[in-house]
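Novice: Got a structure for you, written out below as structure tokens; questions coming shortly.
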Amino acid sequence: MNLPLAHAQGPHWRVPGIANLHSHAFQRAMAGMAERQGSEADSFWTWRELMYRFAAALTPEDVRAIATQLYVEMLEAGYTSVCEFHYLHHGPEGRPYAPPTAMAEAVLEAARETGIRLTLLPVLYQRGGFDGRPLAPRQQRFFHDTGAFLRLLEALEAHAFPGLRLGLAFHSLRAVDVATMREVLAARGAASGPIHLHIAEQQAEVADCLAHHGRRPVAYLLDELPVDACWTLVHATHLDAEEVRGLAASGATVALCPSTEGNLGDGLFPLRAFLAAGGRYGIGSDSHVSVSPVEDLRWLEYGQRLLEQKRNRAVMGPGSTAAAMLQAVAVSAPAATGFAAGTLAEDYLLLDGEAPALAAASAEDVPDRWLFCGNRPLVREVWVAGRQVVAEGRHPLRERAARDYAATLKRLLA
């Protein structure tokens, strides 16, 4: 794909919209609420317990309000599509809603109303670890048996609209065994759409996979399943050299979430080696401690600089670092989202050419100035599928979404 990354449109600069490849919408409402140390051992695993307690209180109405606020923020920041990794399915104690699609419908309505493209990824989540132990009480809202999960996917097909693609997700190797993954993929066939999976986010997951299967997570997945360009592996933080090469050769996309990975202390992905092997990546805001493609792309590059103590690590050879990253996320978006490349090419942003950060800019330096020159938001307009959804930096639902979100938070935190 050879996309023009920036060109003048009046006094402003037109750049492609950005796909957000990994989102847990409900987690936006707890952003900034898990930043107090409980013990010296605070980690992803202690954060996860706090997240479970928060998720236990949410209703479909809450999820719709939170997702609407989040998607407004995404559009104003320059995300024009989002892959929603949706695993909050049921009511308290795992009781299904009537209809069982109620939680997913809340997300669909938020996307439809705000105008963001949505790739809905209902998540299969069945066990508590590689040892097959059952889900804990706090995880019961996430559970489906395989038959119920397939019925959920079929039911959601009835909710189709132009800005929606339906895929599926397996929560992780620890949460779904590979035999079940094969069963689901065989049952869905060509209807599977994009397939997403958390993998190798934490060292503990690597150690558990080695203990139970004698292989590291990415190596095990590549050995056991036909991973190809339809797959998106989320995080894949902890890889050895052989896994880097194998993952790149598979054609799968890696969804990197630097602001969340930094917030949770996950580690740093071996980006330079992956690019050298021909790998594909995109970005996601995941837990939404930040909803900014600028921040996630910037910290993707800065993390590599800190790791290697060198500069301009996301570009392979002479050229613009920001342009290389924007090109990478554009190239990976069609397979990861399920929207055709030509369809996504209709989505674009206008950056404020009158802002100081873009004073006297040229087409060649606009990408670098946008990503690396300060924190003032530069997105002035956003267009999705020929429809303007942000004008003068504001989404038309901004005020209403903020009021509904605030009322939801006040009730949840009372």
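Ordered as shown in the structure tokens, chains take letters A, B, and onward, while each chain numbers its residues from 1 and ligands are numbered from 1 in the order shown.
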If you count only C-alpha atoms, which residues fall within 10 Å of stretch 30-45 of chain A, apart from same-chain ones fewer than 5 positions away, as a list in words?
Specialist: Leu50, Met51, Phe54, Ala55, Glu201, Gln202, Ala204, Glu261, Asn263, Leu264, Gly265, Asp266, Ser287, His288, Val289, Ser290 and Leu409 of chain A
Novice: How close does each residue of stretch 341-404 of chain A get to stretch 155-173 of chain A, giving the shortest atom pair and distance in Å to one decimal for every residue with an atom at most 12 Å away, counting only C-alpha atoms, sorted by chain and residue number, as CSV?
Specialist:
```
residue,atom,partner,partner_atom,distance
A:Thr343,CA,A:Gly163,CA,10.1
A:Leu344,CA,A:Gly163,CA,10.6
A:Asp347,CA,A:Gly163,CA,11.7
A:Val384,CA,A:Gly163,CA,9.2
A:Ala385,CA,A:Gly163,CA,8.3
A:Gly386,CA,A:Gly163,CA,11.7
A:Arg387,CA,A:Gly163,CA,11.5
```
Novice: Could those selected residues go to a file with C-alpha atoms, as a PDB file, in the first residue's frame?
Specialist:
```pdb
ATOM      1  CA  THR A 343     -12.699   1.393   2.495  1.00  0.00           C
ATOM      2  CA  LEU A 344     -10.251   2.535   5.165  1.00  0.00           C
ATOM      3  CA  ASP A 347     -11.099   7.821   6.488  1.00  0.00           C
ATOM      4  CA  VAL A 384     -15.158   8.464   8.359  1.00  0.00           C
ATOM      5  CA  ALA A 385     -16.777   6.875   5.293  1.00  0.00           C
ATOM      6  CA  GLY A 386     -17.424  10.282   3.750  1.00  0.00           C
ATOM      7  CA  ARG A 387     -19.084  11.660   6.895  1.00  0.00           C
TER       8      ARG A 387
END
```
Novice: Taking 4 positions as the minimum chain separation for residues in the same chain, which residues sit within 10 Å of A:Leu256 when counting only C-alpha atoms? Answer as a ChimeraX atom specification.
Specialist: /A:20-22,233-237,260-261,268-269,271,281-286,296-297,300
Novice: When DSSP works through the backbone of this structure, what residues of stretch 5-200 of chain A end up as helix (DSSP H, G or I), shown as a ChimeraX atom specification?
Specialist: /A:25-30,44-55,60-77,92-94,102-114,137-142,146-159,178-192
Novice: Can you write out the residues you just picked, keeping C-alpha atoms, as an mmCIF file, in the first residue's frame?
Specialist:
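part_29.cif written:
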```cif
data_model
loop_
_atom_site.group_PDB
_atom_site.id
_atom_site.type_symbol
_atom_site.label_atom_id
_atom_site.label_comp_id
_atom_site.auth_asym_id
_atom_site.auth_seq_id
_atom_site.Cartn_x
_atom_site.Cartn_y
_atom_site.Cartn_z
ATOM 1 C CA ALA A 25 -14.079 -0.064 26.369
ATOM 2 C CA PHE A 26 -15.336 -0.524 29.933
ATOM 3 C CA GLN A 27 -11.824 -0.094 31.346
ATOM 4 C CA ARG A 28 -11.821 3.586 30.351
ATOM 5 C CA ALA A 29 -13.968 4.234 33.411
ATOM 6 C CA MET A 30 -11.272 2.986 35.808
ATOM 7 C CA PHE A 44 -0.440 -6.681 36.081
ATOM 8 C CA TRP A 45 -1.902 -9.436 38.266
ATOM 9 C CA THR A 46 -2.804 -7.137 41.168
ATOM 10 C CA TRP A 47 -4.221 -4.571 38.693
ATOM 11 C CA ARG A 48 -6.336 -7.362 37.194
ATOM 12 C CA GLU A 49 -8.031 -8.031 40.541
ATOM 13 C CA LEU A 50 -8.997 -4.358 40.784
ATOM 14 C CA MET A 51 -10.350 -4.492 37.237
ATOM 15 C CA TYR A 52 -12.481 -7.536 38.061
ATOM 16 C CA ARG A 53 -14.042 -5.748 41.031
ATOM 17 C CA PHE A 54 -14.886 -2.755 38.853
ATOM 18 C CA ALA A 55 -16.329 -4.889 36.038
ATOM 19 C CA PRO A 60 -25.365 -2.686 29.629
ATOM 20 C CA GLU A 61 -26.500 0.910 30.156
ATOM 21 C CA ASP A 62 -23.215 1.682 31.923
ATOM 22 C CA VAL A 63 -21.198 0.093 29.144
ATOM 23 C CA ARG A 64 -23.026 2.093 26.508
ATOM 24 C CA ALA A 65 -22.336 5.373 28.326
ATOM 25 C CA ILE A 66 -18.673 4.507 28.867
ATOM 26 C CA ALA A 67 -18.143 3.298 25.301
ATOM 27 C CA THR A 68 -19.853 6.378 23.856
ATOM 28 C CA GLN A 69 -17.564 8.669 25.837
ATOM 29 C CA LEU A 70 -14.544 6.596 24.833
ATOM 30 C CA TYR A 71 -15.387 6.535 21.136
ATOM 31 C CA VAL A 72 -15.935 10.306 21.121
ATOM 32 C CA GLU A 73 -12.460 10.674 22.622
ATOM 33 C CA MET A 74 -10.984 8.264 20.083
ATOM 34 C CA LEU A 75 -12.438 10.140 17.127
ATOM 35 C CA GLU A 76 -11.301 13.511 18.442
ATOM 36 C CA ALA A 77 -7.808 12.060 18.879
ATOM 37 C CA PRO A 92 -23.566 -10.667 37.905
ATOM 38 C CA GLU A 93 -22.542 -14.217 38.822
ATOM 39 C CA GLY A 94 -22.538 -15.132 35.128
ATOM 40 C CA ALA A 102 -27.243 -7.138 25.494
ATOM 41 C CA MET A 103 -23.695 -6.154 26.454
ATOM 42 C CA ALA A 104 -22.455 -6.395 22.870
ATOM 43 C CA GLU A 105 -25.433 -4.366 21.676
ATOM 44 C CA ALA A 106 -24.414 -1.573 24.070
ATOM 45 C CA VAL A 107 -21.037 -1.388 22.330
ATOM 46 C CA LEU A 108 -22.646 -1.541 18.884
ATOM 47 C CA GLU A 109 -24.948 1.360 19.705
ATOM 48 C CA ALA A 110 -22.059 3.473 20.983
ATOM 49 C CA ALA A 111 -20.153 2.909 17.741
ATOM 50 C CA ARG A 112 -23.179 3.521 15.535
ATOM 51 C CA GLU A 113 -24.056 6.743 17.337
ATOM 52 C CA THR A 114 -20.545 8.209 17.374
ATOM 53 C CA PRO A 137 -16.170 -16.075 40.798
ATOM 54 C CA ARG A 138 -15.151 -12.626 39.511
ATOM 55 C CA GLN A 139 -14.612 -14.068 36.031
ATOM 56 C CA GLN A 140 -18.022 -15.717 35.629
ATOM 57 C CA ARG A 141 -19.376 -12.741 33.657
ATOM 58 C CA PHE A 142 -16.865 -13.609 30.916
ATOM 59 C CA THR A 146 -18.358 -23.389 23.180
ATOM 60 C CA GLY A 147 -21.892 -23.920 21.921
ATOM 61 C CA ALA A 148 -23.179 -20.764 23.609
ATOM 62 C CA PHE A 149 -20.282 -18.772 22.181
ATOM 63 C CA LEU A 150 -21.062 -19.939 18.643
ATOM 64 C CA ARG A 151 -24.711 -19.023 19.173
ATOM 65 C CA LEU A 152 -23.657 -15.570 20.365
ATOM 66 C CA LEU A 153 -21.681 -15.014 17.171
ATOM 67 C CA GLU A 154 -24.620 -16.121 15.049
ATOM 68 C CA ALA A 155 -26.993 -13.826 16.931
ATOM 69 C CA LEU A 156 -24.696 -10.842 16.453
ATOM 70 C CA GLU A 157 -24.698 -11.325 12.680
ATOM 71 C CA ALA A 158 -28.245 -9.961 12.689
ATOM 72 C CA HIS A 159 -26.947 -6.579 13.904
ATOM 73 C CA VAL A 178 -6.129 -25.039 21.391
ATOM 74 C CA ALA A 179 -8.561 -27.923 20.777
ATOM 75 C CA THR A 180 -11.454 -25.561 21.499
ATOM 76 C CA MET A 181 -9.918 -22.898 19.277
ATOM 77 C CA ARG A 182 -9.793 -25.427 16.428
ATOM 78 C CA GLU A 183 -13.442 -26.336 17.064
ATOM 79 C CA VAL A 184 -14.605 -22.723 16.935
ATOM 80 C CA LEU A 185 -12.607 -21.933 13.798
ATOM 81 C CA ALA A 186 -13.900 -25.039 12.039
ATOM 82 C CA ALA A 187 -17.488 -24.169 12.950
ATOM 83 C CA ARG A 188 -17.183 -20.569 11.783
ATOM 84 C CA GLY A 189 -15.137 -21.193 8.640
ATOM 85 C CA ALA A 190 -15.041 -18.184 6.340
ATOM 86 C CA ALA A 191 -17.334 -16.309 8.744
ATOM 87 C CA SER A 192 -14.595 -16.154 11.385
#
```
Novice: Let me make sure I understand: among A:Val254, A:Arg311, A:Asp208, A:Ala175, which one has the smallest atom-to-atom distance to A:Phe143 if we use only C-alpha atoms?
Specialist: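 Of A:Val254, A:Arg311, A:Asp208, A:Ala175, the one nearest A:Phe143 is A:Ala175, counting only C-alpha atoms.
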